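structure-v5.cif follows; it contains mmCIF, C-alpha atoms.
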```
data_work
#
loop_
_atom_site.label_atom_id
_atom_site.label_comp_id
_atom_site.auth_asym_id
_atom_site.auth_seq_id
_atom_site.Cartn_x
_atom_site.Cartn_y
_atom_site.Cartn_z
CA MET A 1 11.54 17.54 -48.21
CA ASN A 2 14.61 18.73 -50.09
CA ASN A 3 14.87 21.84 -47.92
CA LEU A 4 14.62 19.76 -44.75
CA TYR A 5 17.36 17.43 -46.05
CA ARG A 6 19.63 20.38 -46.81
CA TYR A 7 19.00 21.80 -43.34
CA VAL A 8 19.97 18.50 -41.68
CA VAL A 9 23.16 18.28 -43.79
CA VAL A 10 24.19 21.84 -42.88
CA ILE A 11 23.60 21.18 -39.17
CA TYR A 12 25.65 17.96 -39.43
CA LEU A 13 28.56 19.72 -41.18
CA VAL A 14 28.61 22.49 -38.58
CA PHE A 15 28.60 19.87 -35.83
CA VAL A 16 31.45 17.89 -37.41
CA SER A 17 33.57 21.02 -38.04
CA SER A 18 33.09 22.07 -34.41
CA LEU A 19 34.32 18.64 -33.27
CA VAL A 20 37.40 18.90 -35.49
CA SER A 21 38.09 22.39 -34.18
CA ALA A 22 37.66 21.26 -30.58
CA GLU A 23 39.99 18.29 -31.16
CA SER A 24 42.56 20.61 -32.70
CA VAL A 25 42.41 22.96 -29.71
CA ASP A 26 42.67 20.04 -27.26
CA TRP A 27 45.67 18.66 -29.14
CA MET A 28 47.40 22.07 -29.13
CA LEU A 29 46.77 22.56 -25.42
CA ASN A 30 48.16 19.09 -24.65
CA VAL A 31 51.31 19.76 -26.70
CA LEU A 32 51.80 23.20 -25.15
CA LYS A 33 51.48 21.78 -21.62
CA ASN A 34 53.15 18.39 -21.95
CA GLY A 35 54.85 18.16 -25.36
CA ASP A 36 58.56 18.12 -26.11
CA TYR A 37 60.50 21.08 -27.51
CA GLN A 38 60.07 20.17 -31.18
CA ASP A 39 56.30 19.69 -30.92
CA LYS A 40 55.87 23.01 -29.11
CA VAL A 41 57.92 24.79 -31.74
CA GLU A 42 55.68 23.38 -34.48
CA VAL A 43 52.58 24.68 -32.67
CA TYR A 44 54.12 28.15 -32.25
CA ARG A 45 55.08 28.27 -35.92
CA SER A 46 51.71 27.06 -37.19
CA VAL A 47 49.86 29.58 -35.02
CA ALA A 48 52.10 32.41 -36.28
CA GLU A 49 51.83 31.38 -39.95
CA LEU A 50 48.04 31.02 -39.85
CA GLY A 51 47.63 34.52 -38.47
CA GLY A 52 47.02 33.47 -34.90
CA GLU A 53 44.95 30.79 -33.19
CA ARG A 54 41.87 32.65 -31.95
CA ASP A 55 41.03 30.22 -29.17
CA ALA A 56 41.74 32.06 -25.91
CA ALA A 57 42.83 28.92 -24.06
CA VAL A 58 45.59 28.22 -26.61
CA LEU A 59 46.83 31.83 -26.64
CA ASP A 60 46.77 32.02 -22.84
CA GLN A 61 48.78 28.80 -22.62
CA ILE A 62 51.35 30.15 -25.09
CA GLN A 63 51.58 33.28 -22.95
CA ASP A 64 52.12 31.13 -19.83
CA ASN A 65 54.89 29.19 -21.59
CA VAL A 66 56.66 32.37 -22.71
CA PHE A 67 56.32 33.87 -19.23
CA ALA A 68 57.77 30.74 -17.59
CA ALA A 69 60.65 30.53 -20.07
CA PHE A 70 61.42 34.24 -19.69
CA ASN A 71 61.50 34.08 -15.89
CA GLY A 72 63.46 30.83 -15.71
CA LYS A 73 67.19 30.71 -15.10
CA SER A 74 68.12 28.86 -18.26
CA ARG A 75 69.04 30.78 -21.40
CA SER A 76 69.61 27.78 -23.65
CA LYS A 77 68.65 27.80 -27.33
CA ILE A 78 65.51 25.81 -26.51
CA VAL A 79 64.35 28.41 -23.98
CA ARG A 80 65.27 31.28 -26.30
CA ASP A 81 63.27 29.70 -29.13
CA GLU A 82 60.28 29.27 -26.83
CA ILE A 83 60.39 32.97 -25.93
CA VAL A 84 60.87 34.21 -29.51
CA LEU A 85 58.55 31.82 -31.37
CA GLY A 86 55.88 31.97 -28.67
CA SER A 87 56.00 35.78 -28.78
CA LYS A 88 55.61 35.77 -32.58
CA ALA A 89 52.59 33.46 -32.28
CA LEU A 90 50.98 35.81 -29.76
CA ILE A 91 51.62 38.87 -31.97
CA ALA A 92 50.09 37.06 -34.95
CA SER A 93 46.79 36.78 -33.08
CA GLY A 94 46.30 40.50 -33.75
CA GLN A 95 45.03 41.06 -30.20
CA TYR A 96 46.33 44.04 -28.28
CA LYS A 97 46.58 42.33 -24.88
CA TYR A 98 49.09 39.84 -26.29
CA TYR A 99 50.96 42.60 -28.10
CA ASN A 100 51.23 44.42 -24.77
CA PHE A 101 52.61 41.29 -23.07
CA VAL A 102 55.23 40.72 -25.80
CA ASP A 103 56.16 44.41 -25.69
CA GLN A 104 56.97 43.98 -21.97
CA VAL A 105 59.06 40.89 -22.75
CA HIS A 106 60.95 42.90 -25.37
CA ARG A 107 61.54 45.82 -23.02
CA ASN A 108 62.79 43.65 -20.16
CA ALA A 109 64.84 41.11 -22.11
CA ARG A 110 68.56 41.22 -21.36
CA SER A 111 69.46 39.17 -24.40
CA LYS A 112 70.13 41.33 -27.45
CA LYS A 113 69.35 38.31 -29.65
CA ILE A 114 65.86 37.96 -28.15
CA LYS A 115 65.24 41.71 -28.50
CA ASN A 116 66.35 41.73 -32.13
CA GLU A 117 64.22 38.72 -33.08
CA ILE A 118 61.04 39.97 -31.39
CA ALA A 119 61.30 43.60 -32.58
CA PRO A 120 60.19 43.02 -36.22
CA ALA A 121 57.02 41.23 -35.03
CA LEU A 122 56.17 44.17 -32.76
CA ASP A 123 56.79 46.61 -35.62
CA SER A 124 54.62 44.61 -38.02
CA TYR A 125 51.75 44.62 -35.50
CA MET A 126 51.91 48.40 -35.15
CA GLU A 127 52.04 48.77 -38.95
CA PHE A 128 48.98 46.53 -39.21
CA VAL A 129 47.07 48.64 -36.67
CA GLU A 130 48.18 51.90 -38.28
CA PHE A 131 47.31 50.65 -41.77
CA ASN A 132 43.76 49.83 -40.64
CA LEU A 133 43.42 53.29 -39.12
CA LEU A 134 44.55 54.88 -42.39
CA GLN A 135 41.94 52.90 -44.31
CA LYS A 136 39.18 54.15 -42.00
CA SER A 137 40.37 57.77 -41.86
CA LYS A 138 38.58 60.47 -43.87
CA LYS A 139 41.60 62.75 -44.22
CA TYR A 140 42.15 64.10 -47.78
CA ARG A 141 38.61 63.15 -48.85
CA LYS A 142 37.76 66.79 -49.68
CA ALA A 143 41.12 67.50 -51.32
CA THR A 144 40.91 64.56 -53.74
CA ASN A 145 38.44 63.16 -56.25
CA SER A 146 37.98 59.61 -54.96
CA PRO A 147 38.40 57.39 -51.87
CA THR A 148 41.38 55.71 -53.60
CA GLU A 149 43.18 59.03 -54.12
CA ALA A 150 42.47 60.04 -50.51
CA PHE A 151 43.84 56.72 -49.20
CA ILE A 152 47.00 57.07 -51.32
CA MET A 153 47.61 60.57 -49.93
CA ARG A 154 47.16 59.32 -46.37
CA LEU A 155 49.76 56.63 -47.08
CA VAL A 156 52.39 58.90 -48.64
CA SER A 157 51.88 61.52 -45.90
CA HIS A 158 52.60 58.99 -43.15
CA ASP A 159 55.90 59.08 -41.22
CA ASN A 160 56.54 55.39 -41.97
CA ILE A 161 58.54 55.15 -45.21
CA ASN A 162 57.07 51.70 -45.95
CA PHE A 163 53.62 53.31 -46.12
CA LYS A 164 54.94 56.01 -48.46
CA THR A 165 56.44 53.39 -50.78
CA TYR A 166 53.26 51.32 -50.74
CA GLY A 167 51.18 54.44 -51.44
CA VAL A 168 53.12 55.32 -54.62
CA LYS A 169 53.11 51.67 -55.72
CA HIS A 170 49.34 51.50 -55.16
CA ALA A 171 48.94 54.64 -57.30
CA VAL A 172 50.84 53.05 -60.21
CA GLU A 173 48.98 49.74 -59.94
CA SER A 174 45.56 51.40 -59.73
CA GLY A 175 46.36 53.98 -62.44
CA SER A 176 45.76 56.84 -60.00
CA TYR A 177 47.58 59.92 -61.29
CA PHE A 178 46.49 63.27 -59.85
CA ASN A 179 47.92 66.71 -59.23
CA ILE A 180 48.49 66.59 -55.44
CA LEU A 181 50.35 63.29 -55.73
CA ASP A 182 52.31 64.54 -58.76
CA ASN A 183 53.65 67.43 -56.68
CA TRP A 184 54.41 65.17 -53.71
CA VAL A 185 56.37 62.69 -55.84
CA VAL A 186 58.39 65.43 -57.58
CA ASN A 187 59.27 67.12 -54.25
CA MET A 188 60.21 63.77 -52.71
CA LEU A 189 62.52 62.85 -55.61
CA GLN A 190 64.17 66.27 -55.68
CA GLY A 191 64.77 66.01 -51.93
CA TYR A 192 66.60 62.71 -52.32
CA ASN A 193 68.88 64.20 -55.00
CA GLU A 194 70.90 65.77 -52.19
CA LEU A 195 71.19 62.65 -50.01
CA ASN A 196 73.09 59.39 -49.81
CA VAL A 197 70.11 57.04 -49.71
CA ASP A 198 69.85 53.72 -47.89
CA GLU A 199 68.14 50.61 -49.26
CA VAL A 200 64.70 51.46 -47.82
CA GLN A 201 64.81 55.02 -49.18
CA LEU A 202 65.95 53.68 -52.54
CA GLY A 203 62.76 51.60 -52.71
CA LEU A 204 60.69 54.78 -52.38
CA VAL A 205 62.81 56.61 -54.99
CA LYS A 206 62.36 53.71 -57.42
CA GLN A 207 58.57 53.77 -56.98
CA GLY A 208 58.52 57.55 -57.43
CA ALA A 209 60.55 57.36 -60.65
CA GLU A 210 58.25 54.59 -61.88
CA TYR A 211 55.21 56.75 -61.12
CA LEU A 212 56.58 59.54 -63.33
CA SER A 213 57.61 57.17 -66.14
CA TYR A 214 54.10 55.65 -66.34
CA HIS A 215 52.29 58.98 -65.92
CA PRO A 216 49.85 59.79 -68.78
CA GLU A 217 51.58 63.18 -69.06
CA ARG A 218 55.07 61.78 -68.47
CA GLY A 219 56.66 64.25 -70.90
CA ALA A 220 56.03 67.01 -68.37
CA PHE A 221 58.17 65.18 -65.80
CA LYS A 222 61.10 64.22 -68.01
CA ALA A 223 63.19 67.13 -66.69
CA VAL A 224 62.85 65.79 -63.12
CA LEU A 225 64.34 62.44 -64.13
CA VAL A 226 67.06 64.10 -66.24
CA GLU A 227 68.08 66.17 -63.20
CA MET A 228 68.17 63.02 -61.06
CA SER A 229 70.22 61.08 -63.60
CA GLU A 230 72.83 63.86 -63.87
CA HIS A 231 73.01 65.47 -60.44
CA ALA A 232 71.80 63.05 -57.73
CA LYS A 233 74.42 62.49 -55.03
CA SER A 234 73.73 58.74 -54.88
CA GLU A 235 74.90 56.65 -57.83
CA SER A 236 71.98 54.25 -57.25
CA VAL A 237 69.50 57.12 -57.68
CA ARG A 238 71.26 58.24 -60.87
CA LEU A 239 71.02 54.70 -62.29
CA ILE A 240 67.30 54.40 -61.45
CA ALA A 241 66.56 57.73 -63.15
CA GLY A 242 68.56 56.65 -66.21
CA GLU A 243 66.61 53.39 -66.51
CA LYS A 244 63.29 55.21 -66.29
CA LEU A 245 64.36 57.74 -68.92
CA GLU A 246 65.04 54.84 -71.29
CA SER A 247 61.50 53.62 -70.70
CA PHE A 248 60.14 56.99 -71.92
CA GLY A 249 61.10 56.07 -75.47
CA TYR A 250 59.73 52.57 -75.03
CA MET A 251 56.37 53.84 -73.76
CA ALA A 252 56.11 56.34 -76.62
CA GLU A 253 56.77 53.61 -79.20
CA LEU A 254 54.28 51.30 -77.53
CA GLU A 255 51.62 54.00 -77.78
CA LYS A 256 52.35 54.34 -81.51
CA VAL A 257 51.99 50.58 -82.00
CA LYS A 258 48.72 50.51 -80.06
CA ASN A 259 47.26 53.39 -82.07
CA SER A 260 48.44 52.08 -85.45
CA ARG A 261 45.90 50.58 -87.86
CA ASP A 262 48.42 48.33 -89.63
CA TYR A 263 47.03 44.85 -90.37
CA MET A 264 43.55 45.91 -89.18
CA ASN A 265 42.02 45.94 -92.68
CA GLN A 266 43.15 42.40 -93.39
CA ARG A 267 41.76 39.08 -92.20
CA PHE A 268 43.41 39.25 -88.77
CA THR A 269 41.69 39.58 -85.41
CA GLU A 270 42.47 42.64 -83.30
CA ASP A 271 44.88 40.65 -81.10
CA GLN A 272 46.62 39.13 -84.12
CA ALA A 273 47.07 42.54 -85.75
CA TYR A 274 48.46 43.95 -82.49
CA ILE A 275 51.15 41.27 -82.01
CA LEU A 276 52.10 41.52 -85.69
CA ARG A 277 52.74 45.25 -85.22
CA LEU A 278 54.77 44.52 -82.09
CA ILE A 279 56.94 41.84 -83.72
CA ASP A 280 57.56 44.15 -86.69
CA HIS A 281 59.12 46.79 -84.42
CA SER A 282 62.91 47.01 -84.17
CA SER A 283 62.71 47.11 -80.35
CA ASP A 284 63.35 43.74 -78.72
CA GLN A 285 61.24 44.91 -75.76
CA LEU A 286 58.18 45.27 -77.98
CA ALA A 287 58.90 41.97 -79.73
CA ILE A 288 59.10 40.28 -76.31
CA LEU A 289 55.77 41.89 -75.41
CA ALA A 290 54.27 40.25 -78.52
CA LEU A 291 55.63 36.83 -77.55
CA GLU A 292 54.46 37.15 -73.93
CA LYS A 293 50.93 37.87 -75.13
CA ALA A 294 51.06 35.06 -77.71
CA VAL A 295 52.30 32.49 -75.16
CA LYS A 296 49.85 33.59 -72.47
CA GLU A 297 46.82 33.60 -74.79
CA ASN A 298 47.95 30.66 -76.96
CA ILE A 299 47.90 32.70 -80.19
CA TYR A 300 49.33 30.76 -83.13
CA PHE A 301 48.96 31.65 -86.82
CA ALA A 302 51.29 31.33 -89.80
CA GLU A 303 52.12 35.00 -90.41
CA PHE A 304 53.19 35.63 -86.83
CA GLU A 305 55.11 32.36 -86.51
CA GLU A 306 57.02 33.21 -89.69
CA LYS A 307 58.07 36.59 -88.28
CA VAL A 308 59.18 34.96 -85.00
CA VAL A 309 61.28 32.39 -86.88
CA THR A 310 62.87 35.07 -89.10
CA ARG A 311 63.79 37.24 -86.11
CA LEU A 312 65.11 34.24 -84.16
CA ARG A 313 67.35 33.10 -87.02
CA SER A 314 68.59 36.59 -87.89
CA PRO A 315 71.65 36.91 -85.58
CA TYR A 316 72.82 33.41 -86.50
CA LEU A 317 72.53 33.94 -90.26
CA ALA A 318 74.19 37.36 -90.12
CA ASN A 319 76.89 36.13 -87.73
CA GLU A 320 76.01 38.98 -85.34
CA SER A 321 76.16 39.02 -81.54
CA ARG A 322 73.91 36.30 -80.18
CA THR A 323 73.65 37.68 -76.68
CA GLU A 324 72.12 41.13 -77.24
CA ASN A 325 68.60 39.81 -77.79
CA LEU A 326 68.95 36.72 -75.61
CA ASP A 327 65.66 37.31 -73.74
CA PHE A 328 63.85 37.39 -77.07
CA GLN A 329 65.57 34.19 -78.24
CA ILE A 330 64.61 32.30 -75.06
CA LEU A 331 60.97 33.38 -75.26
CA ALA A 332 60.80 32.73 -79.02
CA CYS A 333 62.07 29.16 -78.52
CA ARG A 334 59.51 28.64 -75.79
CA TYR A 335 56.73 29.96 -78.03
CA LEU A 336 57.70 27.72 -80.95
CA GLY A 337 58.29 24.71 -78.71
CA LEU A 338 54.78 24.98 -77.23
CA HIS A 339 53.15 24.97 -80.68
CA PRO A 340 49.87 22.98 -80.77
CA GLU A 341 51.28 20.95 -83.68
CA SER A 342 53.82 19.03 -81.65
CA GLY A 343 57.25 18.86 -83.27
CA LYS A 344 56.54 21.48 -85.95
CA TYR A 345 59.66 23.48 -85.07
CA SER A 346 61.82 20.67 -83.63
CA HIS A 347 64.42 20.96 -86.39
CA LEU A 348 64.90 24.71 -85.81
CA LEU A 349 65.05 24.27 -82.03
CA ASN A 350 67.69 21.56 -82.42
CA GLN A 351 69.72 23.89 -84.63
CA ILE A 352 69.52 26.69 -82.04
CA SER A 353 70.51 24.24 -79.30
CA ASN A 354 73.60 23.13 -81.26
CA ILE A 355 74.73 26.63 -82.27
CA THR A 356 74.04 28.86 -79.25
CA ASP A 357 76.75 29.66 -76.71
CA ASN A 358 74.21 30.30 -73.95
CA LYS A 359 73.74 27.39 -71.55
CA GLU A 360 70.15 28.27 -70.57
CA LEU A 361 69.02 28.67 -74.18
CA ARG A 362 70.80 25.49 -75.28
CA LYS A 363 69.17 23.44 -72.54
CA MET A 364 65.68 24.84 -73.11
CA ALA A 365 65.79 24.56 -76.92
CA ALA A 366 66.95 20.94 -76.69
CA LYS A 367 64.19 20.10 -74.21
CA LEU A 368 61.48 21.72 -76.33
CA ALA A 369 62.79 20.05 -79.49
CA GLY A 370 62.01 16.70 -77.85
#
```

Once you've parsed the file, please lay out its structure as structure tokens.
Amino acid sequence: MNNLYRYVVVIYLVFVSSLVSAESVDWMLNVLKNGDYQDKVEVYRSVAELGGERDAAVLDQIQDNVFAAFNGKSRSKIVRDEIVLGSKALIASGQYKYYNFVDQVHRNARSKKIKNEIAPALDSYMEFVEFNLLQKSKKYRKATNSPTEAFIMRLVSHDNINFKTYGVKHAVESGSYFNILDNWVVNMLQGYNELNVDEVQLGLVKQGAEYLSYHPERGAFKAVLVEMSEHAKSESVRLIAGEKLESFGYMAELEKVKNSRDYMNQRFTEDQAYILRLIDHSSDQLAILALEKAVKENIYFAEFEEKVVTRLRSPYLANESRTENLDFQILACRYLGLHPESGKYSHLLNQISNITDNKELRKMAAKLAG
């Protein structure tokens, strides 16, 4: 009986959802045929944002509207919007026949404004198609050790620089470091040393430098970044290389902290011992890492809190610069202000709020103090 009941409910839900869908399509068709400008625009935008309305009748009607607007005599803003927004909605459907129609509109448009506004949608469609082809391709499968490595190599070998950038980024995020890609990244970076790079190229350079700085054998690539920082033609490239070289020291220190056994033989958990080692370090970056973990995982215990308070008070007691470790101060106040024992550090937070010269810190400390 229960199974029969479930079956009836499922059939009912499918029936109701089909009615809702049908009503939605009917409403869209009515608006597209008879609605005013504002209502039509809303339909075009919603179709584009949702990745395309798959109902053929709706898409065909949008195509008819764009065709009529394009071939009409008026070139008012309303007509231009209908052409541009309708074209974007058609492209978002992901169907080639509508891409082909919009491509013809783009080719034949006399208005530079219409051409410029439609072009990115056409480009994104081709990137989408090309990206899917790259995912299905088997190129580099024999030259690499995994499907992920092969896919990354297909991306970085593509003519489209956006694919190259995404490929290197994907390698960093997935922890995929391998010899063929190492060589490709090094050659790419050395090539850009001689050029004045634009913003898009700079994105690829930044990802490449990041790849080397996170590499398990990053020491072997330090010379590449040193060369970039000293000899690259573009100042932006030199700055990126310099930033990544600074992170070499940070990563080395982080490894030491991770491998240390300090606090492990005491009554602390593994996570507690780890954040104690981080907060003990002279680097504000590592101390911030400790606070980020403590806030995210709601880790509160007396020994750590005491170290946070001491470090937070230090520049004020010593009358040192209060701006050098501002990021640490802000995060430390947040950590103490979110303490499970409400109001435990209100007095300290009030003091910080009254003393600090930084507007953001003053406002946040006062708010957390209550």

Neighbour list for stretch 195-201 of chain A as a PyMOL selection string, cut-off 12 Å, all atoms listed in the file, skip fewer than 2 positions in-chain: chain A and resi 160-166+188-193+203-208+228+231-238

Using the chain letters and residue numbers of this document, give as a short mmCIF file (atom, residue, chain, number, x, y, z; two decimals) with C-alpha atoms, in the frame of the given file the residues selected by the PyMOL selection byres ((chain A and resi 91) around 9).
```
data_model
loop_
_atom_site.label_atom_id
_atom_site.label_comp_id
_atom_site.auth_asym_id
_atom_site.auth_seq_id
_atom_site.Cartn_x
_atom_site.Cartn_y
_atom_site.Cartn_z
CA ALA A 48 52.10 32.41 -36.28
CA GLY A 51 47.63 34.52 -38.47
CA GLY A 52 47.02 33.47 -34.90
CA GLY A 86 55.88 31.97 -28.67
CA SER A 87 56.00 35.78 -28.78
CA LYS A 88 55.61 35.77 -32.58
CA ALA A 89 52.59 33.46 -32.28
CA LEU A 90 50.98 35.81 -29.76
CA ALA A 92 50.09 37.06 -34.95
CA SER A 93 46.79 36.78 -33.08
CA GLY A 94 46.30 40.50 -33.75
CA GLN A 95 45.03 41.06 -30.20
CA TYR A 96 46.33 44.04 -28.28
CA TYR A 98 49.09 39.84 -26.29
CA TYR A 99 50.96 42.60 -28.10
CA VAL A 102 55.23 40.72 -25.80
CA ALA A 121 57.02 41.23 -35.03
CA LEU A 122 56.17 44.17 -32.76
CA SER A 124 54.62 44.61 -38.02
CA TYR A 125 51.75 44.62 -35.50
#
```

Compare A:Phe304, A:Phe128, A:Tyr335, A:Tyr44 by their minimum atom-to-atom distance to A:Asp280, counting all atoms listed in the file, and give me the closest one.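 Result for the nearest residue to A:Asp280: A:Phe304.
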
I would like the residues chosen by the PyMOL selection byres ((chain A and resi 362) around 12) on the shown file; could you give them as a list in words?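 Evaluating the PyMOL selection byres ((chain A and resi 362) around 12) on this file yields Leu326, Gln329, Ile330, Cys333, Arg334, Leu349, Asn350, Gln351, Ile352, Ser353, Asn354, Ile355, Thr356, Asp357, Asn358, Lys359, Glu360, Leu361, Lys363, Met364, Ala365, Ala366, Lys367, Leu368 and Ala369 of chain A.
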
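Note that the spacing between atom CA of A:Phe151 and atom CA of A:Gln135 amounts to 6.5 Å.
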
Given the PyMOL selection byres ((chain A and resi 179) around 12), the residues it picks as number ranges by chain: A: 143-145, 149, 153, 176-178, 180-186, 212, 215-217

Neighbours of A:Asn65 within 8 Å (all atoms listed in the file; same-chain residues fewer than 3 positions away dropped), as a PyMOL selection string? chain A and resi 32+61-62+68-69+82-83+86

For those residues, write C-alpha atoms to a file as a CSV table (one decimal), in the coordinates of the input.
```
chain,number,residue,atom,x,y,z
A,32,LEU,CA,51.8,23.2,-25.2
A,61,GLN,CA,48.8,28.8,-22.6
A,62,ILE,CA,51.4,30.2,-25.1
A,68,ALA,CA,57.8,30.7,-17.6
A,69,ALA,CA,60.6,30.5,-20.1
A,82,GLU,CA,60.3,29.3,-26.8
A,83,ILE,CA,60.4,33.0,-25.9
A,86,GLY,CA,55.9,32.0,-28.7
```
